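A quick write-up on the structure given underneath.
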Amino acid sequence: MEKAWWKESVIYQIYPRSFCDSNGDGIGDLNGIRSKLDYLQKLGINVIWLSPIYKSPNDDNGYDISDYQDIMDDFGNMDDFDALLKEAHEHGIKIVMDLVVNHTSDEHKWFIESRSSKDNPKRDYYIWREPKDGKEPNNWGSCFSGSAWEYDEKTGMYYLHCFSKKQPDLNWDNEKVRDEVFNMMTWWCEKGIDGFRMDVISMISKVPGLPDGKKEGDAIYGDLSNTTNGPRVHEYLQEMRKRVLSKYDLITVGECAGVTIEEAKKYANLDNSELNMVFQFEHTGLDYDERGKWTTKRFYLPDLKANLSKWQNELEGQAWNSLYWDNHDQPRIVSRLGDDSPVSAKCIATVLHLMKGTPYIYQGEELGMTNYPFKSIDECRDIEIINAYKELVGGNCMTEEDLLAGIRAKGRDNARTPMQWDDTKEAGFTSGKPWIGVNPNYKTINAKAELEDSNSVFYYYQKLIELRRKSQWSDIIVYGTYNLLDKEDENIFAYTRQLGDKKILVVCNVSANEVQFKLDFDVEEKVCLIRNYDNVDLNMDMSVPAWFAGVWEI
Ligand code: TEU
Ligand code: CA
């Protein structure tokens, strides 16, 4: 297997709005991030992915961009960015930008021109359609509730927005749009950035004719299945590779809603013709129910084991994998799969970080930060949550209590509460009033306390990162093959990794119960790489305490 720095990396995602506020306005910013580079270097990560920092009206917290080549006022200015990039590099940390080019903000100058008239030269930068029988051109529903079409009085046409109506979809079939995007990407690469995370990149090629989507159950709108993995998506990414990506030493990861294993083998193939890796979503939907995400349903471990193992085994030798539990769109894994306890956080981290692929750590995950106890919709800020509340509670589809329970379990704002730095006011995130509430458990879950406790979740993550990046087992962890054990076991997630004649065994009890675990092969324990209970030794028939995690060379 060909070696590469981006295969051997551990990437830390920062949601700038909630990471660290340096000027007391209650909003995180670039200088706040720069002040925490020593902390990140101590953790041991070598790449930071910044969620969007470009000019934006913040309808979707920066995922609605109005100027790709200028910094959002809330976060600072381009000098602050240049200082952050320089100091990150001095800390041995690369910077990956969030590339959001399936859509822009409706306040982008391109869209302002496009909507001004039917014959404006930029009209076809976006997807405009005449009404069909006086209504929307098709049945597509937006990811943020309602129709995916917005009627524009001025020209009597609809424009497509798969997300909020302030996020009009770009028309990638228009080569002028591709030129604009590739020129902008080159401009950032010339500044010295180290890669791109590509937002919903699987959606940039829609099925010609924009046919209706599938309607599930009593859904009002059709789904967006005709917007993902479209007929020209690989052509566009191969053009991006040729015109931009191939000219720089970058890491690229495509966020690919709806991606299958077969499609992933194209996006993330090993011949470097498109991207390095993709974020797939299958495992994050395994605790949804027939109504979708607003449920308190929990994972069933055998399903999770089967799905993660499928991606481990079926990409082997053909494409590179990303590994993640958390990001700014997901609830926090220690609440979702664990029981909020630090020992469960360490167990769940072990499951992921010994697998094959590039691991991503979302800000606060390394501290075991938990979901937030939302009691009212007024505490929420996310457009997805707010629109869902209007549609589902307003439309009498769900009671407020049920939806709030679903928000506490699955809402994106769980990941967007401020980073918990210490036990002072507002968790040391800001000297002002934070844009969203700080989790009340910051008194005990915070970076300062964990840096002073050698048994903290922070130091456990530091050890996991060190094993992958700087240990005698680095090669086997990065490049070894994966084999799941006991696929039916409802509590134990156990697997081996092998490279040549070297083999390691990972045993995790992903439950709050003490269980027995039998190995059907004899083990001659050589050395324990990491474990979250000191007194549990490896043997053929072992009693495994709640949330136990252990890794041994065998
Ligand atoms: O997310 C795309 C996406 O698939 C998510 O909207 C996901 O479906 C949803 O959040 C799960 O509930 C990307 C960004 O990560 C997200 O923050 C943006 O809101 C979205 O695109 C639009 O840019
Ligand atoms: Ca600030």
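Residue numbers start at 1 in each chain; chains themselves are named A, B, ... in the order of the structure tokens; ligands are numbered from 1 in the order shown.
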
* Residues within 6 Å of ligand 1 should be enumerated using only C-alpha atoms and all ligand atoms and returned as number ranges by chain. => A: 60, 63, 163, 199-200, 257, 329

Keeping N, CA and C atoms, export the residues of the selection given above as a compact mmCIF listing (two decimals), in the first residue's frame.
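Written output follows (out_5.txt):
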# COMPACT_ATOMS: atom_id res chain seq x y z
N ASP A 60 -26.82 29.72 7.83
CA ASP A 60 -26.47 28.33 8.18
C ASP A 60 -25.06 28.34 8.78
N TYR A 63 -22.11 28.17 6.29
CA TYR A 63 -22.24 27.27 5.13
C TYR A 63 -23.07 27.91 4.04
N PHE A 163 -30.79 23.24 0.49
CA PHE A 163 -30.71 23.55 1.92
C PHE A 163 -31.59 24.76 2.19
N ASP A 199 -17.87 20.28 1.10
CA ASP A 199 -19.24 20.21 1.60
C ASP A 199 -20.18 19.63 0.54
N VAL A 200 -20.95 18.60 0.92
CA VAL A 200 -21.94 17.94 0.05
C VAL A 200 -21.48 17.88 -1.40
N ALA A 257 -23.04 12.91 1.12
CA ALA A 257 -24.35 12.40 1.54
C ALA A 257 -24.78 11.39 0.49
N ASP A 329 -22.43 18.52 12.67
CA ASP A 329 -23.80 18.14 12.29
C ASP A 329 -24.32 16.97 13.11

* What residues have any atom no more than 7 Å from ligand 2 when counting only C-alpha atoms and all ligand atoms, and can you list them as JSON, numbers by chain? -> {"A": [21, 22, 23, 24, 25, 26, 27, 28, 29, 74, 75]}

* If we count only C-alpha atoms, what is near Glu153 (chain A) at a cut-off of 12 Å, once residues fewer than 3 positions away on the same chain are taken out, given as a ChimeraX atom specification? -> /A:115-118,130-131,150,156-159

* Asked: Which polymer residues have any atom within 10 Å of an atom of region 534-548 of chain A, counting only C-alpha atoms, with same-chain residues fewer than 5 positions away left out, as a PyMOL selection string?
  -> chain A and resi 338-339+341-348+350+491-492+505+507-528+554

Residue subset to file, keeping N, CA, C and O atoms, as a short mmCIF file (atom, residue, chain, number, x, y, z; two decimals), in the first residue's frame:
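Full text of again29.cif as output:
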data_model
loop_
_atom_site.label_atom_id
_atom_site.label_comp_id
_atom_site.auth_asym_id
_atom_site.auth_seq_id
_atom_site.Cartn_x
_atom_site.Cartn_y
_atom_site.Cartn_z
N GLY A 338 -22.47 6.23 24.14
CA GLY A 338 -22.01 6.01 25.52
C GLY A 338 -23.07 6.42 26.53
O GLY A 338 -24.25 6.58 26.19
N ASP A 339 -22.60 6.59 27.79
CA ASP A 339 -23.57 7.02 28.83
C ASP A 339 -23.10 8.31 29.49
O ASP A 339 -23.32 8.54 30.68
N SER A 341 -20.31 9.06 30.46
CA SER A 341 -19.19 8.90 31.40
C SER A 341 -17.85 8.97 30.66
O SER A 341 -17.76 8.56 29.49
N PRO A 342 -16.81 9.46 31.34
CA PRO A 342 -15.48 9.48 30.72
C PRO A 342 -15.01 8.10 30.27
O PRO A 342 -14.42 7.96 29.20
N VAL A 343 -15.31 7.06 31.07
CA VAL A 343 -14.83 5.72 30.68
C VAL A 343 -15.52 5.27 29.39
O VAL A 343 -14.89 4.63 28.53
N SER A 344 -16.78 5.68 29.20
CA SER A 344 -17.45 5.30 27.93
C SER A 344 -16.87 6.11 26.78
O SER A 344 -16.75 5.59 25.66
N ALA A 345 -16.45 7.33 27.04
CA ALA A 345 -15.82 8.14 25.99
C ALA A 345 -14.53 7.48 25.52
O ALA A 345 -14.25 7.39 24.31
N LYS A 346 -13.74 6.97 26.48
CA LYS A 346 -12.47 6.31 26.11
C LYS A 346 -12.72 5.02 25.33
O LYS A 346 -12.03 4.71 24.36
N CYS A 347 -13.75 4.29 25.74
CA CYS A 347 -14.09 3.02 25.06
C CYS A 347 -14.47 3.29 23.61
O CYS A 347 -13.93 2.69 22.68
N ILE A 348 -15.35 4.27 23.42
CA ILE A 348 -15.86 4.58 22.07
C ILE A 348 -14.74 5.13 21.19
O ILE A 348 -14.65 4.83 20.00
N THR A 350 -11.63 4.25 21.42
CA THR A 350 -10.77 3.11 21.06
C THR A 350 -11.34 2.35 19.88
O THR A 350 -10.62 1.98 18.95
N ASN A 491 -22.69 -6.62 22.86
CA ASN A 491 -21.99 -5.68 23.75
C ASN A 491 -20.54 -5.45 23.33
O ASN A 491 -20.02 -4.36 23.46
N ILE A 492 -19.90 -6.50 22.84
CA ILE A 492 -18.47 -6.43 22.55
C ILE A 492 -18.21 -6.03 21.10
O ILE A 492 -18.84 -6.58 20.17
N LEU A 505 -4.92 -6.86 18.82
CA LEU A 505 -6.30 -7.23 19.13
C LEU A 505 -6.93 -6.07 19.89
O LEU A 505 -6.35 -5.55 20.85
N VAL A 507 -10.32 -4.97 22.01
CA VAL A 507 -11.51 -5.51 22.69
C VAL A 507 -12.21 -4.37 23.40
O VAL A 507 -11.61 -3.72 24.28
N CYS A 508 -13.46 -4.07 22.99
CA CYS A 508 -14.21 -2.97 23.62
C CYS A 508 -15.59 -3.48 24.05
O CYS A 508 -16.31 -4.07 23.24
N ASN A 509 -15.94 -3.23 25.31
CA ASN A 509 -17.27 -3.57 25.79
C ASN A 509 -18.14 -2.32 25.71
O ASN A 509 -18.12 -1.47 26.62
N VAL A 510 -18.85 -2.17 24.60
CA VAL A 510 -19.61 -0.93 24.36
C VAL A 510 -20.96 -1.03 25.06
O VAL A 510 -22.04 -1.02 24.44
N SER A 511 -20.90 -1.21 26.38
CA SER A 511 -22.14 -1.32 27.16
C SER A 511 -21.83 -0.98 28.61
O SER A 511 -20.67 -1.00 29.04
N ALA A 512 -22.91 -0.74 29.36
CA ALA A 512 -22.75 -0.36 30.77
C ALA A 512 -22.78 -1.61 31.66
O ALA A 512 -22.86 -1.51 32.87
N ASN A 513 -22.71 -2.81 31.02
CA ASN A 513 -22.78 -4.04 31.81
C ASN A 513 -21.44 -4.78 31.78
O ASN A 513 -20.75 -4.78 30.79
N GLU A 514 -21.13 -5.46 32.88
CA GLU A 514 -19.96 -6.36 32.86
C GLU A 514 -20.36 -7.60 32.07
O GLU A 514 -21.45 -8.13 32.25
N VAL A 515 -19.51 -8.04 31.13
CA VAL A 515 -19.87 -9.20 30.29
C VAL A 515 -18.68 -10.16 30.20
O VAL A 515 -17.55 -9.79 30.50
N GLN A 516 -18.98 -11.38 29.79
CA GLN A 516 -17.92 -12.34 29.52
C GLN A 516 -17.54 -12.24 28.06
O GLN A 516 -18.42 -12.02 27.21
N PHE A 517 -16.26 -12.41 27.76
CA PHE A 517 -15.84 -12.39 26.36
C PHE A 517 -14.87 -13.54 26.14
O PHE A 517 -13.88 -13.66 26.86
N LYS A 518 -15.22 -14.43 25.22
CA LYS A 518 -14.37 -15.61 24.96
C LYS A 518 -13.65 -15.42 23.62
O LYS A 518 -14.28 -15.03 22.63
N LEU A 519 -12.39 -15.72 23.62
CA LEU A 519 -11.62 -15.68 22.37
C LEU A 519 -11.55 -17.09 21.82
O LEU A 519 -11.33 -18.04 22.59
N ASP A 520 -11.75 -17.27 20.52
CA ASP A 520 -11.70 -18.64 19.99
C ASP A 520 -10.34 -18.92 19.37
O ASP A 520 -10.20 -19.75 18.48
N PHE A 521 -9.33 -18.16 19.82
CA PHE A 521 -7.96 -18.51 19.43
C PHE A 521 -7.07 -18.20 20.63
O PHE A 521 -7.39 -17.34 21.43
N ASP A 522 -6.00 -18.96 20.77
CA ASP A 522 -5.23 -18.72 22.01
C ASP A 522 -4.34 -17.49 21.81
O ASP A 522 -3.97 -17.14 20.70
N VAL A 523 -4.15 -16.80 22.90
CA VAL A 523 -3.37 -15.56 22.79
C VAL A 523 -2.20 -15.65 23.75
O VAL A 523 -2.34 -16.06 24.88
N GLU A 524 -1.08 -15.25 23.22
CA GLU A 524 0.09 -15.18 24.10
C GLU A 524 0.38 -13.68 24.15
O GLU A 524 0.91 -13.08 23.23
N GLU A 525 -0.08 -13.10 25.29
CA GLU A 525 -0.03 -11.65 25.36
C GLU A 525 1.41 -11.15 25.30
O GLU A 525 2.27 -11.64 26.00
N LYS A 526 1.68 -10.24 24.41
CA LYS A 526 3.04 -9.67 24.33
C LYS A 526 3.07 -8.35 25.09
O LYS A 526 3.77 -8.18 26.06
N VAL A 527 2.22 -7.42 24.67
CA VAL A 527 2.25 -6.12 25.37
C VAL A 527 0.89 -5.44 25.18
O VAL A 527 0.25 -5.61 24.15
N CYS A 528 0.51 -4.70 26.21
CA CYS A 528 -0.75 -3.94 26.12
C CYS A 528 -0.43 -2.55 25.60
O CYS A 528 0.39 -1.84 26.19
N ILE A 554 -0.67 -9.30 19.85
CA ILE A 554 -0.89 -10.73 20.15
C ILE A 554 -0.05 -11.61 19.21
O ILE A 554 0.47 -11.10 18.22
#

* To do: Just the strand (DSSP E or B) stuff from region 136-319 of chain A, please, per backbone DSSP, written as a PyMOL selection string.
  => chain A and resi 140-141+147+149-152+157-160+169-170+195-198+222+251-255+269+277-279+289+292+319

* To do: Could you tell me which of A:Leu270, A:Ile45, A:Cys162, A:Ile386 comes closest to His91 (chain A) if we count only C-alpha atoms?
  =>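 Closest to His91 (chain A), using only C-alpha atoms: A:Ile45.
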
* Got a sec: who's within 6 Å of region 352-366 of chain A, counting only C-alpha atoms, leaving out chain neighbours fewer than 2 positions off, as a PyMOL selection string? -> chain A and resi 7+10-14+321-324+326-327+349-350+368-369+458+461+477-478

I need the residues of region 456-499 of chain A that end up classed as alpha helix (DSSP H) by DSSP on the backbone, written out as an mmCIF file with N, CA and C atoms, in the first residue's frame.
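Below you can see part_32.cif, which holds the result:
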data_model
loop_
_atom_site.group_PDB
_atom_site.id
_atom_site.type_symbol
_atom_site.label_atom_id
_atom_site.label_comp_id
_atom_site.auth_asym_id
_atom_site.auth_seq_id
_atom_site.Cartn_x
_atom_site.Cartn_y
_atom_site.Cartn_z
ATOM 1 N N VAL A 457 -9.901 11.926 29.774
ATOM 2 C CA VAL A 457 -10.212 11.566 28.383
ATOM 3 C C VAL A 457 -9.191 12.215 27.458
ATOM 4 N N PHE A 458 -8.777 13.445 27.806
ATOM 5 C CA PHE A 458 -7.796 14.157 26.963
ATOM 6 C C PHE A 458 -6.520 13.314 26.797
ATOM 7 N N TYR A 459 -5.969 12.842 27.918
ATOM 8 C CA TYR A 459 -4.701 12.086 27.818
ATOM 9 C C TYR A 459 -4.912 10.724 27.168
ATOM 10 N N TYR A 460 -6.143 10.196 27.262
ATOM 11 C CA TYR A 460 -6.425 8.934 26.565
ATOM 12 C C TYR A 460 -6.396 9.172 25.056
ATOM 13 N N TYR A 461 -7.030 10.271 24.608
ATOM 14 C CA TYR A 461 -6.964 10.623 23.168
ATOM 15 C C TYR A 461 -5.520 10.898 22.757
ATOM 16 N N GLN A 462 -4.783 11.587 23.613
ATOM 17 C CA GLN A 462 -3.372 11.881 23.292
ATOM 18 C C GLN A 462 -2.600 10.578 23.055
ATOM 19 N N LYS A 463 -2.911 9.575 23.871
ATOM 20 C CA LYS A 463 -2.226 8.270 23.746
ATOM 21 C C LYS A 463 -2.643 7.551 22.460
ATOM 22 N N LEU A 464 -3.946 7.605 22.151
ATOM 23 C CA LEU A 464 -4.440 6.980 20.905
ATOM 24 C C LEU A 464 -3.744 7.611 19.688
ATOM 25 N N ILE A 465 -3.612 8.948 19.736
ATOM 26 C CA ILE A 465 -2.985 9.656 18.605
ATOM 27 C C ILE A 465 -1.504 9.297 18.517
ATOM 28 N N GLU A 466 -0.868 9.189 19.685
ATOM 29 C CA GLU A 466 0.568 8.839 19.712
ATOM 30 C C GLU A 466 0.785 7.422 19.167
ATOM 31 N N LEU A 467 -0.120 6.497 19.526
ATOM 32 C CA LEU A 467 0.001 5.116 19.017
ATOM 33 C C LEU A 467 -0.057 5.123 17.491
ATOM 34 N N ARG A 468 -0.954 5.941 16.949
ATOM 35 C CA ARG A 468 -1.118 5.948 15.483
ATOM 36 C C ARG A 468 0.032 6.677 14.793
ATOM 37 N N ARG A 469 0.491 7.761 15.426
ATOM 38 C CA ARG A 469 1.424 8.615 14.692
ATOM 39 C C ARG A 469 2.888 8.395 15.076
ATOM 40 N N SER A 474 2.579 2.076 14.694
ATOM 41 C CA SER A 474 1.980 3.042 13.749
ATOM 42 C C SER A 474 1.638 2.382 12.414
ATOM 43 N N ASP A 475 2.585 1.645 11.848
ATOM 44 C CA ASP A 475 2.336 1.049 10.531
ATOM 45 C C ASP A 475 1.150 0.092 10.547
ATOM 46 N N ILE A 476 1.064 -0.740 11.591
ATOM 47 C CA ILE A 476 -0.034 -1.714 11.610
ATOM 48 C C ILE A 476 -1.375 -1.013 11.811
ATOM 49 N N ILE A 477 -1.369 0.089 12.603
ATOM 50 C CA ILE A 477 -2.628 0.820 12.836
ATOM 51 C C ILE A 477 -3.061 1.555 11.575
ATOM 52 N N VAL A 478 -2.095 2.131 10.866
ATOM 53 C CA VAL A 478 -2.445 2.892 9.652
ATOM 54 C C VAL A 478 -2.689 1.965 8.465
ATOM 55 N N TYR A 479 -1.806 0.989 8.257
ATOM 56 C CA TYR A 479 -1.835 0.223 7.007
ATOM 57 C C TYR A 479 -2.285 -1.226 7.163
#

* Asked: From the list A:Thr417, A:Asn532, A:Gln318, A:Asn387, which residue is nearest Phe144 (chain A) when using only C-alpha atoms?
  ->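 Result for the nearest residue to Phe144 (chain A): A:Asn387.
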
Produce a table with one row for each residue of region 211-328 of chain A that has an atom at most 12 Å from any atom of region 96-100 of chain A, each row naming the nearest atom pair and its distance in Å at one decimal; use only C-alpha atoms; arrange rows by chain and rising residue number; format as CSV.
residue,atom,partner,partner_atom,distance
A:Asp249,CA,A:Val96,CA,11.7
A:Leu250,CA,A:Val96,CA,8.5
A:Ile251,CA,A:Val96,CA,7.5
A:Thr252,CA,A:Val96,CA,8.3
A:Val253,CA,A:Val96,CA,9.6
A:Gly254,CA,A:Leu99,CA,9.4
A:Glu255,CA,A:Leu99,CA,10.0

* So how far away is CA of Ser202 (chain A) from CA of Thr228 (chain A), in Å? ->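 Calculated distance between CA of Thr228 (chain A) and CA of Ser202 (chain A) is 5.1 Å.
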
* What lies within 12 Å of Glu90 (chain A) using only C-alpha atoms, ignoring chain neighbours under 6 positions off, as a ChimeraX atom specification? -> /A:34,37-38,41,46,83-84

I need the residues from that last selection saved to file as a JSON list (two decimals), in the first residue's frame (with C-alpha atoms), if you can.
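out-v5.json, written as the output of this step:
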[["chain", "number", "residue", "atom", "x", "y", "z"],
["A", 34, "ARG", "CA", -4.40, 30.82, 17.32],
["A", 37, "LEU", "CA", -2.36, 25.99, 19.02],
["A", 38, "ASP", "CA", -0.17, 24.84, 21.93],
["A", 41, "GLN", "CA", -0.02, 20.47, 19.51],
["A", 46, "ASN", "CA", -1.27, 17.37, 12.86],
["A", 83, "ALA", "CA", -1.20, 34.79, 11.22],
["A", 84, "LEU", "CA", -3.14, 31.62, 12.11]]

* Rank nothing, just name the residue among A:Leu451, A:Ser273, A:Phe19, A:Tyr482 nearest to Ala427 (chain A), using only C-alpha atoms. =>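 Of A:Leu451, A:Ser273, A:Phe19, A:Tyr482, the one nearest Ala427 (chain A) is A:Phe19, counting only C-alpha atoms.
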
* **Among the residues A:Gly209, A:Gly62, A:Gly432, A:Pro331, the one that comes closest to Arg412 (chain A) [using only C-alpha atoms]** => A:Pro331

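Distances to Ile193 (chain A) were evaluated for A:Asp67, A:Asp82, A:Asp73, A:Asp413 using only C-alpha atoms, and the minimum falls at A:Asp82.
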
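Omitting Asn371 (chain A) and its sequence neighbours fewer than 5 positions away, and counting only C-alpha atoms, the residues within 9 Å are Pro331, Arg332, Ile333, Val334, Ser335, Arg336, Asp340, Arg408, Ala409, Lys410, Gly411, Asp413, Asn414, Ala415, Thr417 and Asn439 of chain A.
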
Keeping only C-alpha atoms, write the selected residues to a file as a PDB file, in the first residue's frame.
ATOM      1  CA  PRO A 331     -24.829  14.762  18.314  1.00  0.00           C
ATOM      2  CA  ARG A 332     -21.926  13.980  20.633  1.00  0.00           C
ATOM      3  CA  ILE A 333     -20.961  10.304  20.526  1.00  0.00           C
ATOM      4  CA  VAL A 334     -20.371   9.929  24.278  1.00  0.00           C
ATOM      5  CA  SER A 335     -24.104  10.683  24.712  1.00  0.00           C
ATOM      6  CA  ARG A 336     -25.282   8.942  21.540  1.00  0.00           C
ATOM      7  CA  ASP A 340     -21.880  10.448  29.143  1.00  0.00           C
ATOM      8  CA  ARG A 408     -31.545  16.535  22.854  1.00  0.00           C
ATOM      9  CA  ALA A 409     -30.638  13.196  21.255  1.00  0.00           C
ATOM     10  CA  LYS A 410     -29.810  14.138  17.656  1.00  0.00           C
ATOM     11  CA  GLY A 411     -29.812  17.907  17.148  1.00  0.00           C
ATOM     12  CA  ASP A 413     -26.661  22.238  18.279  1.00  0.00           C
ATOM     13  CA  ASN A 414     -25.410  19.545  20.696  1.00  0.00           C
ATOM     14  CA  ALA A 415     -22.071  19.829  18.908  1.00  0.00           C
ATOM     15  CA  THR A 417     -22.184  24.648  22.317  1.00  0.00           C
ATOM     16  CA  ASN A 439     -23.217  23.145  28.757  1.00  0.00           C
TER      17      ASN A 439
END

* Counting only C-alpha atoms, the option among A:Gly258, A:Gly92, A:Gly317, A:Gly134 closest to Leu224 (chain A) ->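 Going through A:Gly258, A:Gly92, A:Gly317, A:Gly134 one by one, the smallest distance to Leu224 (chain A) is for A:Gly258.
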